[in-house]
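Listing of my_file-v9.csv; format and content: CSV, C-alpha atoms and all ligand atoms.
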```
chain,number,residue,atom,x,y,z
A,15,MET,CA,-6.9,1.6,20.7
A,16,THR,CA,-4.7,-1.3,19.4
A,17,LEU,CA,-4.5,-2.3,15.7
A,18,ASP,CA,-6.4,-5.5,16.5
A,19,GLU,CA,-9.2,-3.6,18.1
A,20,LEU,CA,-9.3,-1.3,15.1
A,21,GLU,CA,-9.5,-4.3,12.8
A,22,ILE,CA,-12.4,-5.8,14.7
A,23,GLN,CA,-14.3,-2.5,14.2
A,24,CYS,CA,-13.3,-2.1,10.5
A,25,LYS,CA,-14.5,-5.6,9.7
A,26,GLU,CA,-18.0,-4.5,10.5
A,27,CYS,CA,-17.8,-1.5,8.1
A,28,LYS,CA,-20.7,-0.8,5.8
A,29,LYS,CA,-20.0,2.8,5.0
A,30,CYS,CA,-19.9,2.3,1.3
A,31,ALA,CA,-21.4,0.0,-1.3
A,32,LEU,CA,-18.2,-2.0,-1.7
A,33,CYS,CA,-19.1,-4.0,1.5
A,34,GLU,CA,-21.9,-5.7,-0.4
A,35,GLY,CA,-19.6,-7.6,-2.7
A,36,ARG,CA,-16.9,-8.6,-0.3
A,37,THR,CA,-16.0,-12.1,0.8
A,38,ASN,CA,-13.5,-10.8,3.2
A,39,LEU,CA,-12.5,-7.3,4.2
A,40,VAL,CA,-8.8,-6.8,3.7
A,41,PHE,CA,-7.6,-4.7,6.6
A,42,GLY,CA,-3.8,-5.1,6.2
A,43,THR,CA,-1.0,-7.3,7.3
A,44,GLY,CA,2.5,-7.1,8.7
A,45,LYS,CA,4.5,-5.8,11.6
A,46,LYS,CA,2.1,-3.8,13.8
A,47,ASP,CA,4.7,-1.1,14.6
A,48,ALA,CA,6.5,-1.2,11.3
A,49,ASP,CA,8.7,1.8,10.3
A,50,ILE,CA,7.8,1.2,6.7
A,51,MET,CA,4.3,1.0,5.4
A,52,LEU,CA,3.1,0.1,1.9
A,53,ILE,CA,-0.2,1.3,0.5
A,54,GLY,CA,-1.7,-0.3,-2.6
A,55,GLU,CA,-5.0,0.3,-4.3
A,56,GLY,CA,-7.6,-2.3,-3.2
A,57,PRO,CA,-8.1,-6.0,-2.9
A,58,GLY,CA,-8.3,-8.1,-6.1
A,59,GLU,CA,-9.9,-11.5,-6.4
A,60,GLN,CA,-7.3,-13.5,-4.4
A,61,GLU,CA,-7.1,-10.8,-1.7
A,62,ASP,CA,-10.9,-10.8,-1.3
A,63,LEU,CA,-10.9,-14.6,-1.0
A,64,GLN,CA,-8.0,-14.8,1.5
A,65,GLY,CA,-8.5,-11.6,3.4
A,66,GLU,CA,-4.9,-10.5,3.0
A,67,PRO,CA,-3.4,-7.8,0.7
A,68,PHE,CA,-1.1,-8.6,-2.2
A,69,VAL,CA,-1.4,-12.4,-2.3
A,70,GLY,CA,-2.1,-12.7,-6.0
A,71,ARG,CA,0.3,-12.5,-8.9
A,72,SER,CA,1.2,-8.9,-8.3
A,73,GLY,CA,1.7,-9.6,-4.6
A,74,LYS,CA,4.3,-12.3,-5.5
A,75,LEU,CA,6.3,-9.7,-7.5
A,76,LEU,CA,5.9,-7.1,-4.7
A,77,ASP,CA,7.3,-9.7,-2.2
A,78,LYS,CA,10.3,-10.2,-4.5
A,79,PHE,CA,11.1,-6.5,-4.6
A,80,LEU,CA,10.8,-6.4,-0.8
A,81,GLU,CA,12.9,-9.5,-0.3
A,82,SER,CA,15.7,-7.9,-2.5
A,83,ILE,CA,16.1,-5.1,0.1
A,84,ASP,CA,15.6,-7.3,3.2
A,85,LEU,CA,12.0,-6.3,3.8
A,86,SER,CA,9.1,-8.6,4.3
A,87,ARG,CA,5.5,-8.5,5.6
A,88,ASP,CA,6.5,-11.2,8.2
A,89,LYS,CA,9.4,-9.1,9.6
A,90,ASN,CA,9.4,-5.4,9.1
A,91,VAL,CA,6.7,-3.8,6.9
A,92,TYR,CA,3.0,-3.3,7.1
A,93,ILE,CA,0.9,-3.5,3.9
A,94,ALA,CA,-2.6,-2.1,3.4
A,95,ASN,CA,-4.7,-0.7,0.6
A,96,MET,CA,-6.6,2.6,-0.1
A,97,VAL,CA,-9.8,0.7,0.0
A,98,LYS,CA,-10.4,-2.4,2.1
A,99,CYS,CA,-13.1,-4.1,0.1
A,100,ARG,CA,-12.7,-5.4,-3.5
A,101,PRO,CA,-14.1,-3.1,-6.2
A,102,PRO,CA,-16.2,-5.1,-8.6
A,103,HIS,CA,-14.3,-6.5,-11.6
A,104,ASN,CA,-11.1,-4.9,-10.2
A,105,ARG,CA,-12.1,-1.4,-11.3
A,106,ASP,CA,-10.4,1.6,-9.7
A,107,PRO,CA,-11.9,2.5,-6.4
A,108,LYS,CA,-14.1,5.6,-6.8
A,109,PRO,CA,-13.1,8.9,-5.2
A,110,GLU,CA,-16.1,8.7,-2.8
A,111,GLU,CA,-15.2,5.1,-1.8
A,112,GLN,CA,-11.6,6.2,-1.1
A,113,ASP,CA,-12.8,9.2,0.9
A,114,VAL,CA,-14.8,7.0,3.2
A,115,CYS,CA,-12.2,4.3,3.6
A,116,ILE,CA,-9.2,6.7,4.1
A,117,ASN,CA,-10.5,7.2,7.7
A,118,TRP,CA,-9.6,3.6,8.5
A,119,LEU,CA,-6.2,4.1,6.9
A,120,ARG,CA,-5.6,7.3,8.9
A,121,GLU,CA,-6.3,5.4,12.1
A,122,GLN,CA,-3.9,2.7,11.0
A,123,PHE,CA,-1.2,5.4,10.4
A,124,LYS,CA,-1.9,6.8,13.9
A,125,ILE,CA,-1.3,3.4,15.6
A,126,ILE,CA,1.5,2.1,13.4
A,127,ARG,CA,3.3,5.4,13.1
A,128,PRO,CA,5.4,4.6,10.1
A,129,LYS,CA,8.5,6.7,9.2
A,130,ILE,CA,8.3,5.9,5.5
A,131,ILE,CA,5.1,5.3,3.4
A,132,ILE,CA,5.5,3.8,0.0
A,133,CYS,CA,2.5,4.4,-2.3
A,134,VAL,CA,2.3,1.3,-4.6
A,135,GLY,CA,0.8,2.7,-7.8
A,136,ARG,CA,-1.1,5.7,-9.0
A,137,ILE,CA,-4.3,5.4,-6.9
A,138,SER,CA,-2.6,5.7,-3.5
A,139,ALA,CA,0.1,8.1,-4.7
A,140,GLN,CA,-2.6,10.5,-6.0
A,141,LYS,CA,-4.6,10.3,-2.8
A,142,LEU,CA,-1.7,10.4,-0.3
A,143,ILE,CA,1.0,12.4,-2.0
A,144,SER,CA,-0.6,14.7,-4.6
A,145,PRO,CA,-3.7,14.5,-6.9
A,146,TYR,CA,-1.4,15.4,-9.8
A,147,PHE,CA,1.1,12.6,-9.1
A,148,ARG,CA,2.4,10.9,-12.3
A,149,VAL,CA,4.1,7.6,-11.6
A,150,THR,CA,6.1,7.8,-14.8
A,151,LYS,CA,7.5,11.2,-13.8
A,152,GLU,CA,7.7,11.1,-10.1
A,153,HIS,CA,8.3,7.5,-9.1
A,154,GLY,CA,11.2,7.1,-6.7
A,155,GLU,CA,11.1,10.7,-5.4
A,156,PHE,CA,10.8,11.1,-1.6
A,157,ILE,CA,8.8,14.0,-0.2
A,158,GLU,CA,8.1,14.8,3.4
A,159,LYS,CA,4.5,15.2,4.6
A,160,ASN,CA,3.5,15.7,8.2
A,161,GLY,CA,6.8,14.4,9.3
A,162,VAL,CA,6.6,11.2,7.3
A,163,LEU,CA,8.6,10.4,4.2
A,164,MET,CA,6.5,9.4,1.2
A,165,MET,CA,7.4,7.9,-2.1
A,166,GLY,CA,5.3,6.6,-5.0
A,167,THR,CA,6.4,3.7,-7.2
A,168,TYR,CA,5.1,1.4,-10.0
A,169,HIS,CA,2.3,-0.9,-9.1
A,170,PRO,CA,3.4,-4.6,-9.6
A,171,ALA,CA,0.3,-5.2,-11.8
A,172,ALA,CA,1.5,-2.5,-14.1
A,173,ILE,CA,4.9,-4.1,-14.3
A,174,LEU,CA,3.4,-7.5,-15.1
A,175,ARG,CA,1.6,-5.7,-18.0
A,176,ASN,CA,4.7,-3.8,-19.1
A,177,PRO,CA,7.9,-5.6,-17.9
A,178,ASN,CA,10.0,-2.7,-19.3
A,179,ASN,CA,9.2,-0.9,-16.1
A,180,LYS,CA,10.6,-3.6,-13.8
A,181,GLU,CA,14.2,-2.2,-13.7
A,182,LEU,CA,12.8,1.3,-13.0
A,183,ALA,CA,10.7,-0.1,-10.1
A,184,TYR,CA,13.7,-2.0,-8.8
A,185,GLN,CA,15.7,1.2,-8.7
A,186,ASP,CA,12.9,2.8,-6.6
A,187,TRP,CA,13.2,-0.1,-4.1
A,188,LEU,CA,16.9,0.4,-3.9
A,189,LYS,CA,16.2,4.0,-3.0
A,190,VAL,CA,14.0,2.8,-0.2
A,191,ARG,CA,16.9,0.7,1.1
A,192,ASP,CA,19.2,3.7,0.9
A,193,LYS,CA,16.7,5.9,2.7
A,194,ILE,CA,16.3,3.3,5.5
A,195,GLU,CA,20.0,3.3,6.0
A,196,GLU,CA,20.3,7.1,5.8
A,197,MET,CA,17.6,7.4,8.5
A,198,GLY,CA,19.3,4.9,10.7
A,199,ILE,CA,16.2,2.7,10.7
A,200,VAL,CA,16.9,-0.7,12.1
A,201,ILE,CA,14.9,-3.3,10.2
A,301,LIG,N1,-3.4,-4.8,-5.9
A,301,LIG,C1,-3.5,-3.9,-4.9
A,301,LIG,O1,-3.3,-2.7,-5.1
A,301,LIG,N2,-3.7,-4.4,-3.6
A,301,LIG,C2,-3.8,-5.6,-3.4
A,301,LIG,O2,-4.0,-6.0,-2.2
A,301,LIG,C3,-3.7,-6.6,-4.4
A,301,LIG,C4,-3.5,-6.1,-5.7
```
Could you write out this structure as structure tokens?
Ligand code: URA
Amino acid sequence: MTLDELEIQCKECKKCALCEGRTNLVFGTGKKDADIMLIGEGPGEQEDLQGEPFVGRSGKLLDKFLESIDLSRDKNVYIANMVKCRPPHNRDPKPEEQDVCINWLREQFKIIRPKIIICVGRISAQKLISPYFRVTKEHGEFIEKNGVLMMGTYHPAAILRNPNNKELAYQDWLKVRDKIEEMGIVI
């Protein structure tokens, strides 16, 4: 199955109640065989309206971090979220919503086969790295899981709320750049 075929199937998804409130399902965007994949939390208002992840204010900041290390959704990364439909009032996705939606994400991983997965924020880090993951303590640390390197970092929305964390987050993205070099990944 190709990513486009998976997206067509996913867009019909009615496996949890989040489908009832969606304008658009936000499947993911970027290079279809990217070595680096970013996983956020879930679509916000702008993402729901436009059908693309991270296109609101926090997305602009994420794009700046990416640009600073020569990455971009147009060139060399793929960006998706833990849940593909917007949770009402931007609440955290519930565990049962994530449990259903993670199956789409797993299929995306199988097709894209990233070498590095960056969890953007607590929600995806706790689901994909460890349920005990603490962003303040463990951000920027790479761990290997099933042959894939994973790292969790600050969510850009959290940085917009607390700009003191911007430098720490920037250091995490520099570590991503170093890791790409170390692994000999051509971006
Ligand atoms: N926040 C996320 O986690 N994902 C998006 O797509 C937008 C905002």
Handout entry: Protein and nucleic residues near ligand LIG 301 (chain A), 9 Å, all atoms listed in the file, as an NGL selection string
Key = :A and (40 or 42 or 53-62 or 66-73 or 93-98 or 100 or 104 or 134-135 or 137-138 or 169-171)
Handout entry: For Leu17 (chain A), the nearest of the candidates A:Phe79, A:Trp187, A:Trp118, A:Phe147, counting all atoms listed in the file
Key =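 Going through A:Phe79, A:Trp187, A:Trp118, A:Phe147 one by one, the smallest distance to Leu17 (chain A) is for A:Trp118.
Distances to Leu85 (chain A) were evaluated for A:Met164, A:Cys99, A:Val190, A:Val149 using all atoms listed in the file, and the minimum falls at A:Val190.
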Practice task
Rank A:Ala139, A:Ala31, A:Ile132, A:Ile199 by their smallest atom-to-atom distance to Leu80 (chain A), using all atoms listed in the file, and report the top residue only.
Solution key: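 Checking each of A:Ala139, A:Ala31, A:Ile132, A:Ile199 against Leu80 (chain A), counting all atoms listed in the file, the winner is A:Ile132.
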Practice task
Grab the CA of Cys133 (chain A) to CA of Lys29 (chain A) distance for me, in Å with one decimal place.
Solution key: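 Distance between the two atoms: 23.7 Å.
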Completion exercise
Counting only C-alpha atoms, closest pick from A:Gln112, A:Arg120, A:Pro177, A:Ser82 relative to Lys189 (chain A) is A:Ser82
Practice task
Compare A:Thr150, A:Thr16, A:Leu75, A:Arg127 by their minimum atom-to-atom distance to Leu163 (chain A), counting only C-alpha atoms, and give me the closest one.
Solution key: A:Arg127
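Of the listed residues A:Leu52, A:Cys33, A:Cys24, A:Val91, the one whose atoms come nearest to Ile201 (chain A) is A:Val91, with distances taken using only C-alpha atoms.
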Handout entry: Atomic distance CA of Tyr184 (chain A) - CA of Ile143 (chain A), expressed in Å with one decimal
Key = 20.4 Å
Practice task
Please provide the set of residues having any atom within 10 Å of Pro128 (chain A), restricted to all atoms listed in the file, with same-chain residues fewer than 4 positions apart removed, written as a ChimeraX atom specification.
Solution key: /A:46-52,91-92,122-124,161-163
Exercise for the section: In Å, rounded to a single decimal, give me how far CA of Asn160 (chain A) is from CA of Asn117 (chain A). Expected result: 16.4 Å
Mind checking which residues fall within 10 Å of Val200 (chain A), counting all atoms listed in the file, ignoring those fewer than 3 positions away in the same chain, and posting them as a PDB file with C-alpha atoms, keeping the file's coordinate frame?
```
ATOM      1  CA  ASP A  49       8.700   1.800  10.300  1.00  0.00           C
ATOM      2  CA  ASN A  90       9.400  -5.400   9.100  1.00  0.00           C
ATOM      3  CA  ILE A 194      16.300   3.300   5.500  1.00  0.00           C
ATOM      4  CA  GLU A 195      20.000   3.300   6.000  1.00  0.00           C
ATOM      5  CA  MET A 197      17.600   7.400   8.500  1.00  0.00           C
TER       6      MET A 197
END
```
Hey, can I get the axis-aligned box for region 184-189 of chain A? All listed atoms, 8 Å padding on each side, centre and edge lengths in Å to one decimal, as JSON.
```
{"center_x": 14.9, "center_y": 1.0, "center_z": -5.9, "size_x": 20.0, "size_y": 22.0, "size_z": 21.8}
```
Fix up region 31-66 of chain A with N, CA and C atoms, then write it as a CSV table (one decimal), in the frame of the given file.
```csv
chain,number,residue,atom,x,y,z
A,31,ALA,N,-20.8,1.1,-0.6
A,31,ALA,CA,-21.4,0.0,-1.3
A,31,ALA,C,-20.5,-1.2,-1.5
A,32,LEU,N,-19.1,-1.0,-1.4
A,32,LEU,CA,-18.2,-2.0,-1.7
A,32,LEU,C,-18.4,-3.2,-0.7
A,33,CYS,N,-18.9,-2.9,0.4
A,33,CYS,CA,-19.1,-4.0,1.5
A,33,CYS,C,-20.0,-5.1,0.9
A,34,GLU,N,-20.9,-4.7,0.0
A,34,GLU,CA,-21.9,-5.7,-0.4
A,34,GLU,C,-21.3,-6.8,-1.2
A,35,GLY,N,-20.2,-6.5,-1.9
A,35,GLY,CA,-19.6,-7.6,-2.7
A,35,GLY,C,-18.5,-8.3,-2.1
A,36,ARG,N,-18.1,-8.0,-0.8
A,36,ARG,CA,-16.9,-8.6,-0.3
A,36,ARG,C,-17.1,-10.0,0.3
A,37,THR,N,-16.1,-10.8,0.1
A,37,THR,CA,-16.0,-12.1,0.8
A,37,THR,C,-15.4,-11.9,2.1
A,38,ASN,N,-14.2,-11.2,2.0
A,38,ASN,CA,-13.5,-10.8,3.2
A,38,ASN,C,-13.1,-9.3,3.1
A,39,LEU,N,-13.1,-8.6,4.2
A,39,LEU,CA,-12.5,-7.3,4.2
A,39,LEU,C,-11.0,-7.5,4.4
A,40,VAL,N,-10.2,-6.7,3.7
A,40,VAL,CA,-8.8,-6.8,3.7
A,40,VAL,C,-8.2,-5.6,4.5
A,41,PHE,N,-8.0,-5.8,5.8
A,41,PHE,CA,-7.6,-4.7,6.6
A,41,PHE,C,-6.2,-4.3,6.4
A,42,GLY,N,-5.3,-5.3,6.4
A,42,GLY,CA,-3.8,-5.1,6.2
A,42,GLY,C,-3.1,-6.2,7.0
A,43,THR,N,-1.8,-6.2,6.7
A,43,THR,CA,-1.0,-7.3,7.3
A,43,THR,C,0.4,-6.8,7.5
A,44,GLY,N,1.1,-7.4,8.5
A,44,GLY,CA,2.5,-7.1,8.7
A,44,GLY,C,2.8,-6.8,10.1
A,45,LYS,N,4.0,-6.2,10.3
A,45,LYS,CA,4.5,-5.8,11.6
A,45,LYS,C,3.6,-4.6,12.1
A,46,LYS,N,3.1,-4.8,13.3
A,46,LYS,CA,2.1,-3.8,13.8
A,46,LYS,C,2.7,-2.5,14.2
A,47,ASP,N,4.0,-2.4,14.3
A,47,ASP,CA,4.7,-1.1,14.6
A,47,ASP,C,5.8,-0.8,13.6
A,48,ALA,N,5.5,-1.3,12.3
A,48,ALA,CA,6.5,-1.2,11.3
A,48,ALA,C,6.9,0.3,11.0
A,49,ASP,N,8.2,0.5,10.7
A,49,ASP,CA,8.7,1.8,10.3
A,49,ASP,C,8.3,2.1,8.8
A,50,ILE,N,8.1,1.0,8.1
A,50,ILE,CA,7.8,1.2,6.7
A,50,ILE,C,6.5,0.6,6.4
A,51,MET,N,5.6,1.4,5.7
A,51,MET,CA,4.3,1.0,5.4
A,51,MET,C,4.1,1.1,3.9
A,52,LEU,N,3.4,0.1,3.3
A,52,LEU,CA,3.1,0.1,1.9
A,52,LEU,C,1.6,0.3,1.7
A,53,ILE,N,1.2,1.1,0.8
A,53,ILE,CA,-0.2,1.3,0.5
A,53,ILE,C,-0.5,1.0,-1.0
A,54,GLY,N,-1.3,0.0,-1.2
A,54,GLY,CA,-1.7,-0.3,-2.6
A,54,GLY,C,-3.1,0.3,-2.9
A,55,GLU,N,-3.8,-0.3,-3.8
A,55,GLU,CA,-5.0,0.3,-4.3
A,55,GLU,C,-6.2,-0.3,-3.6
A,56,GLY,N,-6.4,-1.6,-3.8
A,56,GLY,CA,-7.6,-2.3,-3.2
A,56,GLY,C,-7.4,-3.7,-3.5
A,57,PRO,N,-8.2,-4.5,-2.7
A,57,PRO,CA,-8.1,-6.0,-2.9
A,57,PRO,C,-8.5,-6.4,-4.3
A,58,GLY,N,-7.9,-7.4,-4.8
A,58,GLY,CA,-8.3,-8.1,-6.1
A,58,GLY,C,-9.0,-9.4,-5.6
A,59,GLU,N,-9.2,-10.3,-6.6
A,59,GLU,CA,-9.9,-11.5,-6.4
A,59,GLU,C,-9.3,-12.4,-5.2
A,60,GLN,N,-8.0,-12.6,-5.4
A,60,GLN,CA,-7.3,-13.5,-4.4
A,60,GLN,C,-7.4,-12.9,-3.0
A,61,GLU,N,-7.1,-11.5,-3.0
A,61,GLU,CA,-7.1,-10.8,-1.7
A,61,GLU,C,-8.5,-10.9,-1.0
A,62,ASP,N,-9.5,-10.7,-1.8
A,62,ASP,CA,-10.9,-10.8,-1.3
A,62,ASP,C,-11.2,-12.2,-0.7
A,63,LEU,N,-10.7,-13.2,-1.4
A,63,LEU,CA,-10.9,-14.6,-1.0
A,63,LEU,C,-10.1,-14.9,0.3
A,64,GLN,N,-8.9,-14.4,0.4
A,64,GLN,CA,-8.0,-14.8,1.5
A,64,GLN,C,-7.9,-13.8,2.6
A,65,GLY,N,-8.5,-12.6,2.4
A,65,GLY,CA,-8.5,-11.6,3.4
A,65,GLY,C,-7.1,-10.9,3.7
A,66,GLU,N,-6.2,-11.1,2.8
A,66,GLU,CA,-4.9,-10.5,3.0
A,66,GLU,C,-4.5,-9.7,1.7
```
